[in-house]
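Reading through the structure tokens given below for one structure.
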2 protein chains.
Amino acid sequence: MVIDYTRFLSGRVNYVESSPIREIVSKIAKKSREVGVISFAAGEPDPDVIPRKLYAELSRDVYEDKRSVNYSPTEGVFELREEIAVFMKKYEDVESSIENIIVTLGGSQALDLIARLMINPGEVVLTENPSYVNTILNWRQWGAIIVGVKIEEDGIDTYELENIVRNLKNSGKVVKLIYTIPTGQNPSGVTMSIEKRKHLLEIASKYDLLIVEDGAYNYLVYEPVVVKSLKSMDSEGRVIFVGSFSKVLGTGLRIGWLHLPELLAEKFRAAKGPTDMCAPVPSQLLVLQILRRGLFEEIRSKAIAKYKRKRDLMLKAIENHMPNLRHTKPIAGMFILIWLPEYINSWSFAEEALEKYTVALIPAEPFFTDGSGKNVIRLNFSMPPEDVIEEGIKRITILLKEKISK
Amino acid sequence: MVIDYTRFLSGRVNYVESSPIREIVSKIAKKSREVGVISFAAGEPDPDVIPRKLYAELSRDVYEDKRSVNYSPTEGVFELREEIAVFMKKYEDVESSIENIIVTLGGSQALDLIARLMINPGEVVLTENPSYVNTILNWRQWGAIIVGVKIEEDGIDTYELENIVRNLKNSGKVVKLIYTIPTGQNPSGVTMSIEKRKHLLEIASKYDLLIVEDGAYNYLVYEPVVVKSLKSMDSEGRVIFVGSFSKVLGTGLRIGWLHLPELLAEKFRAAKGPTDMCAPVPSQLLVLQILRRGLFEEIRSKAIAKYKRKRDLMLKAIENHMPNLRHTKPIAGMFILIWLPEYINSWSFAEEALEKYTVALIPAEPFFTDGSGKNVIRLNFSMPPEDVIEEGIKRITILLKEKISK
């Protein structure tokens, strides 16, 4: 008897979409095993910029600690939560007690918990268009309707946002949350201006919304500008802050955190306990060592110096070789978004770039909330070695010229 | 304006119960910071039995690997999945391809994913009564109705199970899954006989059910008996196997796995990707090093020798000091369940044991699916040092005598 496993699946499976990027990512991985590929496809830091030898050394202290191999409390190792509260003051200008802090499996689990506990199927979440593909896919698993709002060079169009909120509310839709990556946004690289941040908070107050601030790229800002977190400007308690050490200390560690009002923190802790027990404890203790010894700032400033150079090289190459294309000019994060001519399909463009020119890039369409963005590509500048960046852009330009001349 | 955060919560919050054990566990932690406590409360291995120095040494190779600080594929590091497939053959007598294997954040995340993708609210899951409290709490978050079936010294009462399935189906209830910890069950310590395992598989076949086999304690068996996993006896593909390295290599690492039919594996992978990205990569690579170098068996056999001695000491002390009480005699796992006289409430008993006699134990009621078990306590024997075990049991006996004489 052959078992029909689909009969055993829950209705929730209908909300699960396979990541559209998965296929191109595995093609890139396969190609990279065969030949040298210049990859602008990553969404994470360069492993050679991360002090892995130091991590190995610190691991002696990590495993010296008996707690390393046992469960931690579900909200995280106590001293790490203390250090994160101090970190929130130093890096985000946010006063917090450890009661506000829950350590999570990267920002991802924090976002999953938010959807689990705050979104009923059919409710609307507003976000930048485009926005982070994994939040879109995860929140859709929870039945959220994701409505994207145009993004400009200085962040989300807050006027359009307000119009949309008003229209949705008038048409009887439930809108409770705005999800934003205000600094070094993924995939656009855009950073929201202070004025827009203020306006966003005003809108949240006026329409009684909460804001989920994804601060994943907050610690990779390349220009001497003041970038204040929404949370630090939040006088009413409307911002839930999702923090992450991933982009500086490494995504593999899987350490992020939630900064929540205490009432919510209690519910989140109750839900989290039997769901995952706790975040990986050796990773928690490693981050604790790094914070305690004041090493974070050292690691971060080295990373910033390197990624800034890579960003500059990529922007210069784009401006030299593809001067007529619209693209973003990030002051933070890891990404540049490029709009190809409308008639070019970014999926086949990415495939050809990989197959013919061994350059990897990511079609940005899945980041768009409304099926647009078919001609848009995302380039990452944190991962590729400096000396291949211009060559990669050149190859993309050659392919582009082939496409245009056709 | 004070924000009413409850207004922002989803309906799902109604299914979230705070763990009833949380309060006693934090009292135990607090007391332990003040005075010496003999603790039988743990649910995990002894950190002094785990070779933490070795882990620190292996961390050099772990962090030498560039992949350590980046995301792995959501289904896990490729070579680790290969090693787990080999492991499944060696330890579970199960043939598997890496397509069946998904590395998870301990067994916990595997169980959460199963509920996410397979349980609709209102559907019934059958399990041992008592069963693992965190699975009960987690699956209830997903709206599952947990129905417990009496457990005997050789495992779940399969005849009663069949009756219950028949009655539930006749009354129109949807029953799709049986959840079982067949070896060294938590909290009872009971191991299911081969006959019952066969019968359970027959029932699953007859009523078209799937079985979720939680193998958390499969690698801690203390007697030279043959304990075959349900998965190894599963000719029809009805068993989803949840594996874990937690009880041998340490719960803190958070490395477990799912062994799934390929069709399900594809859905699980799609759901998991945007939910957590991946399990912690340094932990994955550490386990990979341990498996590759053939160190697992060495670590395991040392653990077995130590926990067997501790189990023997505890059983002997119980039989000497409390000869008239019903208790389980585990051949595997970490726990002994004791039935106190019916009129004794295990919650106040546990509080008094802690306050007056500085012995920590866990009231087992939350593990019962039906509100029974109010007089039952769970003792852990893996964590306490050998030389305090008899003293701890003696103190419990003194308290017991006080209670009985009243």
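Going by the structure tokens order, chains are called A, B, ..., each with residues numbered from 1, while ligands are numbered from 1 in the order shown.
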Which residues come within 10 Å of Asp61 in chain A, counting only C-alpha atoms, excluding same-chain residues fewer than 3 positions away, as a ChimeraX atom specification? /A:56-58,64-65,68,282,285-286,289 /B:53,56
Deliver the residues from the most recent selection as a file, using C-alpha atoms, as a PDB file, in the first residue's frame.
```
ATOM      1  CA  ALA A  56      38.305  29.037  18.236  1.00  0.00           C
ATOM      2  CA  GLU A  57      40.332  30.519  21.080  1.00  0.00           C
ATOM      3  CA  LEU A  58      37.264  31.827  22.892  1.00  0.00           C
ATOM      4  CA  GLU A  64      34.976  25.581  30.228  1.00  0.00           C
ATOM      5  CA  ASP A  65      31.550  26.835  31.296  1.00  0.00           C
ATOM      6  CA  SER A  68      27.625  25.385  27.433  1.00  0.00           C
ATOM      7  CA  PRO A 282      27.823  27.636  22.798  1.00  0.00           C
ATOM      8  CA  LEU A 285      28.342  32.054  25.334  1.00  0.00           C
ATOM      9  CA  LEU A 286      30.640  32.958  22.447  1.00  0.00           C
ATOM     10  CA  GLN A 289      32.580  36.498  25.600  1.00  0.00           C
TER      11      GLN A 289
ATOM     12  CA  LYS B  53      37.645  19.927  26.583  1.00  0.00           C
ATOM     13  CA  ALA B  56      37.070  23.133  22.709  1.00  0.00           C
TER      14      ALA B  56
END
```
Compute the chain A side of the contact with chain B at 6 Å, counting only C-alpha atoms, and hand it back as an MDAnalysis selection string. chainID A and resid 8:10 13 16 18 47 52 56 59:60 63 66 68:71 108:109 112 117:120 134 138 250:254 270:271 274:276 280:281
Those same residues, written as an mmCIF file, in the first residue's frame with N, CA and C atoms?
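Output (again-v4.cif):
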```
data_model
loop_
_atom_site.group_PDB
_atom_site.id
_atom_site.type_symbol
_atom_site.label_atom_id
_atom_site.label_comp_id
_atom_site.auth_asym_id
_atom_site.auth_seq_id
_atom_site.Cartn_x
_atom_site.Cartn_y
_atom_site.Cartn_z
ATOM 1 N N PHE A 8 -2.027 13.693 5.175
ATOM 2 C CA PHE A 8 -1.637 13.943 6.568
ATOM 3 C C PHE A 8 -1.182 15.384 6.802
ATOM 4 N N LEU A 9 -1.163 16.151 5.753
ATOM 5 C CA LEU A 9 -0.685 17.530 5.913
ATOM 6 C C LEU A 9 -1.805 18.434 6.427
ATOM 7 N N SER A 10 -1.411 19.493 7.103
ATOM 8 C CA SER A 10 -2.395 20.435 7.629
ATOM 9 C C SER A 10 -2.739 21.479 6.573
ATOM 10 N N VAL A 13 -0.158 24.036 5.127
ATOM 11 C CA VAL A 13 0.767 23.763 4.024
ATOM 12 C C VAL A 13 0.422 24.601 2.795
ATOM 13 N N VAL A 16 2.501 27.563 2.500
ATOM 14 C CA VAL A 16 3.958 27.391 2.404
ATOM 15 C C VAL A 16 4.386 27.437 0.944
ATOM 16 N N SER A 18 7.685 27.331 -1.575
ATOM 17 C CA SER A 18 9.113 27.088 -1.666
ATOM 18 C C SER A 18 9.778 28.399 -2.052
ATOM 19 N N PRO A 47 33.243 35.393 5.384
ATOM 20 C CA PRO A 47 33.806 34.595 6.484
ATOM 21 C C PRO A 47 35.271 34.899 6.748
ATOM 22 N N ARG A 52 37.669 34.148 12.835
ATOM 23 C CA ARG A 52 37.338 32.769 13.196
ATOM 24 C C ARG A 52 38.377 32.149 14.130
ATOM 25 N N ALA A 56 37.758 30.329 17.792
ATOM 26 C CA ALA A 56 38.305 29.037 18.236
ATOM 27 C C ALA A 56 38.960 29.179 19.605
ATOM 28 N N SER A 59 36.477 29.623 22.313
ATOM 29 C CA SER A 59 35.724 28.382 22.559
ATOM 30 C C SER A 59 36.251 27.634 23.769
ATOM 31 N N ARG A 60 37.538 27.851 24.112
ATOM 32 C CA ARG A 60 38.050 27.227 25.334
ATOM 33 C C ARG A 60 37.267 27.708 26.551
ATOM 34 N N TYR A 63 33.529 26.393 26.463
ATOM 35 C CA TYR A 63 33.293 25.012 26.893
ATOM 36 C C TYR A 63 33.819 24.726 28.297
ATOM 37 N N LYS A 66 30.256 25.046 32.301
ATOM 38 C CA LYS A 66 29.399 23.853 32.277
ATOM 39 C C LYS A 66 28.088 24.084 31.551
ATOM 40 N N SER A 68 27.536 25.415 28.894
ATOM 41 C CA SER A 68 27.625 25.385 27.433
ATOM 42 C C SER A 68 26.899 24.204 26.807
ATOM 43 N N VAL A 69 26.858 23.069 27.512
ATOM 44 C CA VAL A 69 26.280 21.870 26.903
ATOM 45 C C VAL A 69 24.881 21.561 27.434
ATOM 46 N N ASN A 70 24.362 22.438 28.282
ATOM 47 C CA ASN A 70 22.995 22.243 28.791
ATOM 48 C C ASN A 70 22.058 23.292 28.203
ATOM 49 N N TYR A 71 20.769 23.109 28.414
ATOM 50 C CA TYR A 71 19.808 24.132 28.011
ATOM 51 C C TYR A 71 20.098 25.425 28.752
ATOM 52 N N SER A 108 15.613 35.550 12.452
ATOM 53 C CA SER A 108 14.571 34.746 11.807
ATOM 54 C C SER A 108 13.540 34.226 12.796
ATOM 55 N N GLN A 109 14.036 33.620 13.881
ATOM 56 C CA GLN A 109 13.095 33.057 14.836
ATOM 57 C C GLN A 109 12.289 34.158 15.519
ATOM 58 N N ASP A 112 9.537 34.922 13.195
ATOM 59 C CA ASP A 112 8.563 33.828 13.209
ATOM 60 C C ASP A 112 7.683 33.905 14.462
ATOM 61 N N LEU A 117 2.483 34.942 17.186
ATOM 62 C CA LEU A 117 1.710 35.483 18.314
ATOM 63 C C LEU A 117 0.938 36.747 17.981
ATOM 64 N N MET A 118 1.149 37.310 16.797
ATOM 65 C CA MET A 118 0.518 38.606 16.538
ATOM 66 C C MET A 118 -0.283 38.685 15.252
ATOM 67 N N ILE A 119 -0.184 37.713 14.372
ATOM 68 C CA ILE A 119 -0.885 37.833 13.089
ATOM 69 C C ILE A 119 -1.934 36.734 12.941
ATOM 70 N N ASN A 120 -3.169 37.142 12.813
ATOM 71 C CA ASN A 120 -4.220 36.193 12.458
ATOM 72 C C ASN A 120 -4.290 36.084 10.941
ATOM 73 N N ASN A 134 12.493 36.374 3.030
ATOM 74 C CA ASN A 134 12.180 35.342 4.022
ATOM 75 C C ASN A 134 11.134 35.797 5.030
ATOM 76 N N ASN A 138 7.777 33.751 5.329
ATOM 77 C CA ASN A 138 7.424 33.232 6.650
ATOM 78 C C ASN A 138 6.086 33.790 7.109
ATOM 79 N N GLY A 250 28.544 36.815 12.276
ATOM 80 C CA GLY A 250 28.354 35.612 11.470
ATOM 81 C C GLY A 250 26.940 35.074 11.596
ATOM 82 N N THR A 251 26.351 34.787 10.446
ATOM 83 C CA THR A 251 24.980 34.273 10.429
ATOM 84 C C THR A 251 24.909 32.862 11.000
ATOM 85 N N GLY A 252 26.000 32.094 10.844
ATOM 86 C CA GLY A 252 26.008 30.692 11.281
ATOM 87 C C GLY A 252 25.776 30.517 12.771
ATOM 88 N N LEU A 253 26.186 31.508 13.576
ATOM 89 C CA LEU A 253 26.010 31.397 15.029
ATOM 90 C C LEU A 253 24.546 31.332 15.407
ATOM 91 N N ARG A 254 23.693 31.993 14.615
ATOM 92 C CA ARG A 254 22.245 32.041 14.846
ATOM 93 C C ARG A 254 21.920 32.692 16.190
ATOM 94 N N ALA A 270 6.527 32.267 26.941
ATOM 95 C CA ALA A 270 5.672 31.095 27.138
ATOM 96 C C ALA A 270 5.536 30.297 25.838
ATOM 97 N N ALA A 271 5.407 30.998 24.730
ATOM 98 C CA ALA A 271 5.256 30.305 23.443
ATOM 99 C C ALA A 271 6.573 29.677 23.004
ATOM 100 N N PRO A 274 8.400 25.676 24.852
ATOM 101 C CA PRO A 274 8.248 24.325 24.318
ATOM 102 C C PRO A 274 8.483 24.242 22.815
ATOM 103 N N THR A 275 8.812 25.362 22.194
ATOM 104 C CA THR A 275 8.993 25.374 20.743
ATOM 105 C C THR A 275 10.428 25.068 20.358
ATOM 106 N N ASP A 276 11.381 25.630 21.100
ATOM 107 C CA ASP A 276 12.781 25.396 20.733
ATOM 108 C C ASP A 276 13.675 25.196 21.957
ATOM 109 N N PRO A 280 21.095 28.141 20.612
ATOM 110 C CA PRO A 280 22.286 27.320 20.860
ATOM 111 C C PRO A 280 23.183 27.956 21.921
ATOM 112 N N VAL A 281 23.531 27.191 22.934
ATOM 113 C CA VAL A 281 24.214 27.788 24.090
ATOM 114 C C VAL A 281 25.689 28.088 23.809
#
```
Please provide as a ChimeraX atom specification all residues within 8 Å of Arg81 in chain B, with the sequence filter that same-chain residues fewer than 5 positions apart are discarded (counting only C-alpha atoms). /B:76,98,101-103
How would the residues just picked look written out with N, CA and C atoms as an mmCIF file, in the first residue's frame?
```cif
data_model
loop_
_atom_site.group_PDB
_atom_site.id
_atom_site.type_symbol
_atom_site.label_atom_id
_atom_site.label_comp_id
_atom_site.auth_asym_id
_atom_site.auth_seq_id
_atom_site.Cartn_x
_atom_site.Cartn_y
_atom_site.Cartn_z
ATOM 1 N N GLY B 76 20.464 21.508 6.496
ATOM 2 C CA GLY B 76 21.673 21.149 7.232
ATOM 3 C C GLY B 76 22.901 21.044 6.355
ATOM 4 N N ILE B 98 20.290 10.882 2.074
ATOM 5 C CA ILE B 98 20.303 12.211 2.687
ATOM 6 C C ILE B 98 19.034 12.988 2.351
ATOM 7 N N ILE B 101 16.772 13.347 5.305
ATOM 8 C CA ILE B 101 17.290 13.935 6.549
ATOM 9 C C ILE B 101 17.214 15.465 6.541
ATOM 10 N N ILE B 102 16.642 16.020 7.572
ATOM 11 C CA ILE B 102 16.682 17.471 7.801
ATOM 12 C C ILE B 102 17.248 17.705 9.194
ATOM 13 N N VAL B 103 18.338 18.455 9.262
ATOM 14 C CA VAL B 103 18.941 18.790 10.563
ATOM 15 C C VAL B 103 18.106 19.899 11.203
#
```
Considering only C-alpha atoms, return as an mmCIF file with C-alpha atoms, in the first residue's frame whatever protein or nucleic-acid residues lie within 8 Å of Ile151 in chain A, sequence-local ones (same chain, fewer than 4 positions apart) excluded.
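The result, stored in out-v7.cif:
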```cif
data_model
loop_
_atom_site.group_PDB
_atom_site.id
_atom_site.type_symbol
_atom_site.label_atom_id
_atom_site.label_comp_id
_atom_site.auth_asym_id
_atom_site.auth_seq_id
_atom_site.Cartn_x
_atom_site.Cartn_y
_atom_site.Cartn_z
ATOM 1 C CA GLU A 128 8.685 48.270 2.074
ATOM 2 C CA ASN A 129 8.276 47.086 -1.506
ATOM 3 C CA PRO A 130 10.602 45.258 -2.061
ATOM 4 C CA GLY A 155 13.232 54.957 2.568
ATOM 5 C CA ILE A 156 9.612 53.935 2.425
ATOM 6 C CA ASP A 157 7.165 56.472 0.990
#
```
For Ser405 in chain A, work out the shell of residues within 12 Å, counting only C-alpha atoms and skipping chain neighbours fewer than 4 positions away, then give it as a list of chain:residue names.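 The neighbour list is A:Pro341, A:Ile344, A:Ile398, A:Leu399, A:Leu400, A:Lys401.
Distances here use only C-alpha atoms; by that measure, the residue among A:Glu365, A:Glu153, A:Glu79, A:Glu390 closest to Lys329 in chain A is A:Glu153.
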